[in-house]
Amino acid sequence: MDPECSQLLPALCSVLADPRQPVTDDTCLEKLLDWFKTITEAGSSLLLLQENPCLLGLLCHVLKPQDLSPRVLAFSLRLAGMLAAQEDCFQYLQQGELLPRLFGEAGPLGGAAWTAPSVRSGWIQGLRSLAHHPSALCFLADCGAVDTIFSLQGDSSLFVASAAGQLLVHVLGLSLQGPAEGHPGLQTGDWPVCAQKIVSHIEESLRSAATPQITQALNVLTTTFGHCHNPWTQVLWVRLSPLVARLLEKDPVPAAHSLVDLLLSVARSPVLSSSSCGLWETLAQTLSHLSPTQAGPLALGILKLQECPQALRAQAFAVLLQPLTCVLEATAQAPGLLDSWDGTGGASVTVDTLLASKAACVGLLCRTLAHLELLQPLPQRPSPWPQAPLLGATVTILRLCSGSATPTSDAGGHLCAFLVGCVRVQRAALDFLGMLSRGTGPRELVTQVFAVLLEYLTSPDSSPTVLKKAFQATLRWLQSSPETPGCSDLDPHAQLFLRELLPVLPKRLCSPCWEVRDSGLEFLTQMIGRWGGQAGFRRALLASEVPELTEQLLRDPESYVRASAVAAMGQLSSQGLRVTPASPEHPGGQQKSLLAELLHILSTDSEGFPRRAVMHVFTQWLRDGHADVAADTERFVARVLQVASQDLDWEVRAQGLELALVFLEQTLGRPSSHCPYAVTPPVAAPPGPLAQALRPLCRVQLFEFAFRALFDCDRPVAQKSCDLLLFLRAQTASYSGPQGSGSVPEVASVEAALQRWQAGDQGQPLGYLEPEVVVAVLRSMDLEGLRGALAESSDRVEKSPQSLLQDMLATVGALGEDEADCY
Amino acid sequence: MPEIRVTPLGAGQDVGRSCILVSIGGKNVMLDCGMHMGFNDDRRFPDFSYITRNGRLTDFLDCVIISHFHLDHCGALPYFSEMVGYDGPIYMTHPTQAICPILLEDYRKIAVDKKGEANFFTSQMIKDCMKKVVAVHLHQTVQVDDELEIKAYYAGHVLGAAMFQIKVGSESVVYTGDYNMTPDRHLGAAWIDKCRPNLLITESTYATTIRDSKRCRERDFLKKVHEAVERGGKVLIPVFALGRAQELCILLETFWERMNLKAPIYFSTGLTEKANHYYKLFITWTNQKIRKTFVQRNMFEFKHIKAFDRAFADNPGPMVVFATPGMLHAGQSLQIFRKWAGNEKNMVIMPGYCVQGTVGHKILSGQRKLEMEGRQVLEVKMQVEYMSFSAHADAKGIMQLVGQAEPENVLLVHGEAKKMEFLKQKIEQEFRVSCYMPANGETVTLPTSPSIPVGISLGLLKREMAQGLLPDAKKPRLLHGTLIMKDSNFRLVSSEQALKELGLAEHQLRFTCRVHLHDPRKEQETAMRVYSHLKSVLKEHCVQHLPDGSVTVESILIQAAAHSEDPGTKVLLVSWTYQDEELGSHLTSLLKKGLPQAAS
């Protein structure tokens, strides 16, 4: 602890101990604990206490009967626990009997303060920190803490109850650290008293008729087996598994969700899954006992396991597939391969669930689709993967939702009534359909996929969120389409689809919802990026209204859309797909160039997103040597930098520096390593003297921009500029000719300007700088030092412990009536 | 037993990140998804693991509702939807949807880029999150699904702020978000109809405060600004881009006009245009005065307030500058502050709350020597003023809203425990309703008695109408019918229709009573005497003497029999159906009185 903080601490402790001085901001106490945690983790807690006796004073003081704020009491409990985590400090606190008074019956536990959840939480967190050594275990036993933890598992506060469960797991682990670790054969009867007590409590809870108690016990076991893989966990599971299995005999199965979590946690544990205590049988039994909705997560968990009996995997997969089988059957389609997986019964329960009510049907289908979506990309997914029936079922569900499927049975009619227009199922099905694009399917099914996607993209009933997902799924399917051998073009099938899709896109680009226009543009940008060079796509796109509409969207009222239109236009232009309409209103020659249009957006748009998008496009154009840029690169860079340097959005200024860096690389040569700022000679330095190489940079006024940016009030801009100048300095080192021989008065004037800027003055522009002056200034600057200073976050000072202590002390008595003020 | 459950994950006995989980009629709704500006790590967000443990978020939650654009109500939304994985619908008003991304973007830029924080949402995530939003209009009932519906009410506070009613069947909850019961210069007062929800969840920031007159505060503010400008000083007002800033702009603009002041007023970072755009777009959300005068003059097109350029800060002479951000923790406001802090003629007015660690917090708590970056110490000589212009309902306003909505229960959030305790007692005393104030993580459970809708058959209704009484909603009426429960539906039909629909045969239930008569005559004669007596007494009824000797009055059957032990006594067996219960009882009591003496 630094001396300034040591000086402030006594005053703060007396403020905290004074009930007349309310601590208004609880974040301060949290931050104070964070600080103490850092100190105690780095050094001796005992020393901390001895050097700062005020801390001990505070802990003793909070025990006096007084109207102390629950926050301060909770803080003190947590602090005491944190300090007592080190055994010598624990002993020191024990000498004064402080710990039993804080955590025992005589402490807050028996007082009125206990009604505050924050105090109960502080008590648990304190003990959680404290319980790190054998002496702590004896202490817990002596002060009867374990019984209190048991009761807190059922606390009215979720936070307290959950923390109590976790503490119990921690105490169990701690108590078994020594004895049972060394002797895996040791039975629970030989375990330490504390561990036995906890195990008995868990057993009692598992036998209970009350679901909350069963849930608590299951959660404790789940956390235990999830975090601890010591041999003793096997002994524990052997003892408790019969009780867990007995839960399956009840109807309905209590705490099903927690039971699933526990069984999966056991199955994932390397110690437990290898033991032969009937785990797989229990899992199989659970799968068949739970309702289809409850069994889904278990089935998915089983299928994700690396090692698992094949029969169980088959059963689990059947559970996941059943709802889709029902859908196919209800619409009079052969379930196909799904049949082979679905051999374990339970289908009637699934049908009942699907047909029971709309909510049940929607819930089960959404869950099933989500589970299968998660399973599809996994290497351990079931094999053979029934791609075709799954595609068929998903397409059918989407058709039932859109109302285009014709139900042929009563069940189908019911499903249709439940699903028609259901956005939730549409979204889930489109997500899954997109994921299925990773596999192949029979030609006629793929045709159906494209048909249903087109139906959704065309339908006026599709909601914006559904449309977005339909666009995403479409893109994935197009990307997965096989390319025609030899010509890297889309296959005829996808081309046909594109021809149908492109007339739909203009409607979406004219949608009254900005979300739809934006999703349409994002889709378009990705399409152009992928297929912009392909003849078939180019023809179809140019024949549509899409390019023209995209250009119009540069003036959209919604800034997000304008930004997406900028990105799309950038792509169109890069690929030579920007049309020049020859209509009377737009005579070809007079059309404003896109470059001018984008520059206009950069200088006038009131929102940051479109301006940032423009900078992104410009940087890309410069990199790719876009024709409009290549015509007069220097002029282009000069104009862009001039506008970007004035921008109020620092991200635009930072992107301006990015563009400057690209220009610099093109002028002087690229860096050789991945780190653009590494001090290494360029791979291919252009020949000629340095001054000549730097002259273009001077002409575009890159240095004025970079030097100003060095003292930008926004740190990332300054950082980027610093890196850029460091890179430049390194580059210049490898050049021949006179270096840094600028005239002294000129250099001094630039340095003076830099000092003024650093002090916050704006000052006059530097005007044209000679390369020699630039090099001299660069050499004289402490750029490394500046980079070091900038590397620290800008609120480093504000976040310091000293600042925290000062703020807490200054707040005392400073706040008036509205101390709980907010926005 | 059906119930409503409420668990605050944030705003339970604190003013931090509002996030309240409500479970109603089997539906789960998240009210607000706010961020705590006081933390720089994961603690700034509500702990969503308490929801994810229930399975997939999108399956568990039916919707998220955002009350307004302040970050303590919406700041965690992109994190929740794009990083934690919620993919369901998000509801908010149109202005909130438009303004939310601006504030989120501002915050992101400070958090991610300035402080170099990783694991934070990106610009694209903010956009993707906003695309999941379903924007709602005021008083529009929006069907989230077949059972869950929501409706927005005007809340004042900031542009687009709304209170939301959440309804499933006959059960409902109203969540106020932040609201203001008194109109200000650009917004109206919150209003809700007498919707009588089962539960009203209300903010309680100023639970114990009766705020001084707004006029006084405004006068004080103007006086201070005026004095500083008169003495040639510069005035810095750090604000957040949208919200209170516009209120203060209108205030200064009007004052400058009236006093014919010449000192320039600037608003930083191009936000005037942006704000102006949104206020024009959502003019219907402003107060009546602004709406009325909008045609002649848009109040947000300021004559005296100009866009600020960084170079202006060095200009000589007085000026007033509104600059962002509002807590002096970064950007332009901090830069200007550093320039001006050393001059005692200058002034900074903090119009809102500042979290610990910010320069705003430090100067408000009286610190005058601030350590800045690079070990520089900044001496603050400029005048520092704090004037809260946050627009929350005070204790009186909260009571007024409770009175307006007439809830069955009240639950307090977004306030301090001690103050809540006071207001809780006041509400319970005055309105005789239960009031709750759960801490974060605590669940309040309210049992409800839902009304179950029952369909009534047209036939039955027509039969009722035929009796000549017109239905009147205020006068409940007795109606006989048979309740059929089929396919989770309830229908009330006539008994005949019920028998027909269910394919059941009708059973008749008869009551039988024995009446002892002293009559030594033969049974037939006694029966004859009964017939004559009833015929004479019950003139309006059909009394018959049947060939088998029994007597009938409508459906009531009377038979005479000899007493087994006493030959001087006859036993009359009276039997009737339950439809003739009234007549049967009357007849029995009549016969119990005995028969008149026979004429000799």
# chains A, B, ... in the order shown; residues from 1 in each chain; ligands from 1

$ residues_around --residues "Ser481 in chain A" --least-positions-apart "2" --cutoff "7 Å" --atoms "only C-alpha atoms" --output "PyMOL selection string"
chain A and resi 477-479+483+491+494

$ residues_around --residues "Leu786 in chain A" --least-positions-apart "6" --cutoff "9 Å" --atoms "only C-alpha atoms" --output "count of residues only"
3

$ atom_distance --atom1 "CA of Val235 in chain A" --atom2 "CA of Asp142 in chain A"
26.5 Å

$ atom_distance --atom1 "CA of Glu4 in chain A" --atom2 "CA of Lys31 in chain A"
17.3 Å

$ residues_around --residues "Ala417 in chain B" --least-positions-apart "2" --cutoff "12 Å" --atoms "only C-alpha atoms" --output "PyMOL selection string"
(chain A and resi 24+69-71+116-118+820) or (chain B and resi 11-15+204-208+412-415+419-424+436-440)

$ residues_around --residues "Gln642 in chain A" --least-positions-apart "4" --cutoff "9 Å" --atoms "only C-alpha atoms" --output "CSV table (one decimal) with N, CA, C and O atoms, in the first residue's frame"
chain,number,residue,atom,x,y,z
A,637,VAL,N,-6.0,11.5,-51.4
A,637,VAL,CA,-5.5,11.4,-50.0
A,637,VAL,C,-5.6,12.7,-49.3
A,637,VAL,O,-6.1,12.9,-48.2
A,638,ALA,N,-5.1,13.8,-50.0
A,638,ALA,CA,-5.1,15.1,-49.4
A,638,ALA,C,-6.6,15.5,-49.0
A,638,ALA,O,-6.8,16.0,-47.9
A,646,GLN,N,-10.9,16.9,-39.5
A,646,GLN,CA,-11.8,17.9,-38.8
A,646,GLN,C,-13.0,17.2,-38.1
A,646,GLN,O,-13.8,17.8,-37.5
A,700,VAL,N,0.4,16.0,-49.3
A,700,VAL,CA,-1.0,15.7,-48.8
A,700,VAL,C,-1.2,16.1,-47.4
A,700,VAL,O,-2.3,15.9,-46.8
A,701,GLN,N,-0.2,16.8,-46.8
A,701,GLN,CA,-0.3,17.3,-45.5
A,701,GLN,C,-0.5,16.2,-44.4
A,701,GLN,O,-1.3,16.4,-43.4
A,702,LEU,N,0.0,15.1,-44.7
A,702,LEU,CA,-0.1,14.0,-43.8
A,702,LEU,C,0.5,14.3,-42.4
A,702,LEU,O,0.0,13.9,-41.4
A,705,PHE,N,-1.6,16.5,-40.0
A,705,PHE,CA,-2.7,15.6,-39.5
A,705,PHE,C,-2.1,14.7,-38.4
A,705,PHE,O,-2.7,14.7,-37.3

$ residues_around --residues "Arg463 in chain B" --least-positions-apart "4" --cutoff "12 Å" --atoms "only C-alpha atoms" --output "ChimeraX atom specification"
/B:456-459,467-470,479-481,493-494

$ select_by_dssp --residues "range 297-344 of chain B" --states "helix (DSSP H, G or I)" --output "list in words"
Arg310, Ala311, Phe312, Ala313, Asp314, Gly331, Gln332, Ser333, Leu334, Gln335, Ile336, Phe337, Arg338, Lys339 and Trp340 of chain B

$ closest_residue --among "B:Leu104, B:Ala466, B:Ala323, B:Ala311" --to "chain A" --atoms "only C-alpha atoms"
B:Ala311

$ atom_distance --atom1 "CA of Ala76 in chain B" --atom2 "CA of Glu117 in chain B"
15.3 Å

$ residues_around --residues "Ala473 in chain A" --least-positions-apart "3" --cutoff "6 Å" --atoms "only C-alpha atoms" --output "list in words"
Gly434, Ala470 and Arg476 of chain A

$ residues_around --residues "Ala540 in chain A" --least-positions-apart "5" --cutoff "8 Å" --atoms "only C-alpha atoms" --output "PDB file with all heavy atoms, in the first residue's frame"
ATOM      1  N   LEU A 498     -30.914 -16.898 -58.152  1.00  0.00           N
ATOM      2  CA  LEU A 498     -30.516 -15.494 -58.114  1.00  0.00           C
ATOM      3  C   LEU A 498     -31.356 -14.652 -59.055  1.00  0.00           C
ATOM      4  O   LEU A 498     -31.726 -13.524 -58.740  1.00  0.00           O
ATOM      5  CB  LEU A 498     -29.040 -15.366 -58.495  1.00  0.00           C
ATOM      6  CG  LEU A 498     -28.050 -15.390 -57.354  1.00  0.00           C
ATOM      7  CD1 LEU A 498     -26.654 -15.206 -57.878  1.00  0.00           C
ATOM      8  CD2 LEU A 498     -28.363 -14.272 -56.344  1.00  0.00           C
ATOM      9  N   ARG A 499     -31.647 -15.217 -60.204  1.00  0.00           N
ATOM     10  CA  ARG A 499     -32.464 -14.478 -61.172  1.00  0.00           C
ATOM     11  C   ARG A 499     -33.845 -14.178 -60.594  1.00  0.00           C
ATOM     12  O   ARG A 499     -34.448 -13.160 -60.877  1.00  0.00           O
ATOM     13  CB  ARG A 499     -32.582 -15.271 -62.473  1.00  0.00           C
ATOM     14  CG  ARG A 499     -31.460 -14.920 -63.463  1.00  0.00           C
ATOM     15  CD  ARG A 499     -31.882 -15.230 -64.899  1.00  0.00           C
ATOM     16  NE  ARG A 499     -31.944 -16.653 -65.184  1.00  0.00           N
ATOM     17  CZ  ARG A 499     -30.861 -17.398 -65.436  1.00  0.00           C
ATOM     18  NH1 ARG A 499     -29.668 -16.858 -65.440  1.00  0.00           N
ATOM     19  NH2 ARG A 499     -30.989 -18.679 -65.690  1.00  0.00           N
ATOM     20  N   LEU A 502     -33.193 -11.477 -57.367  1.00  0.00           N
ATOM     21  CA  LEU A 502     -32.835 -10.073 -57.594  1.00  0.00           C
ATOM     22  C   LEU A 502     -34.054  -9.161 -57.821  1.00  0.00           C
ATOM     23  O   LEU A 502     -34.034  -8.011 -57.370  1.00  0.00           O
ATOM     24  CB  LEU A 502     -31.804  -9.951 -58.712  1.00  0.00           C
ATOM     25  CG  LEU A 502     -30.388 -10.299 -58.223  1.00  0.00           C
ATOM     26  CD1 LEU A 502     -29.431 -10.450 -59.373  1.00  0.00           C
ATOM     27  CD2 LEU A 502     -29.862  -9.270 -57.237  1.00  0.00           C
TER      28      LEU A 502
END

$ select_by_dssp --residues "range 313-415 of chain B" --states "strand (DSSP E)" --output "PyMOL selection string"
chain B and resi 319-323+347-350+369-371+377-379+383-386+409-413
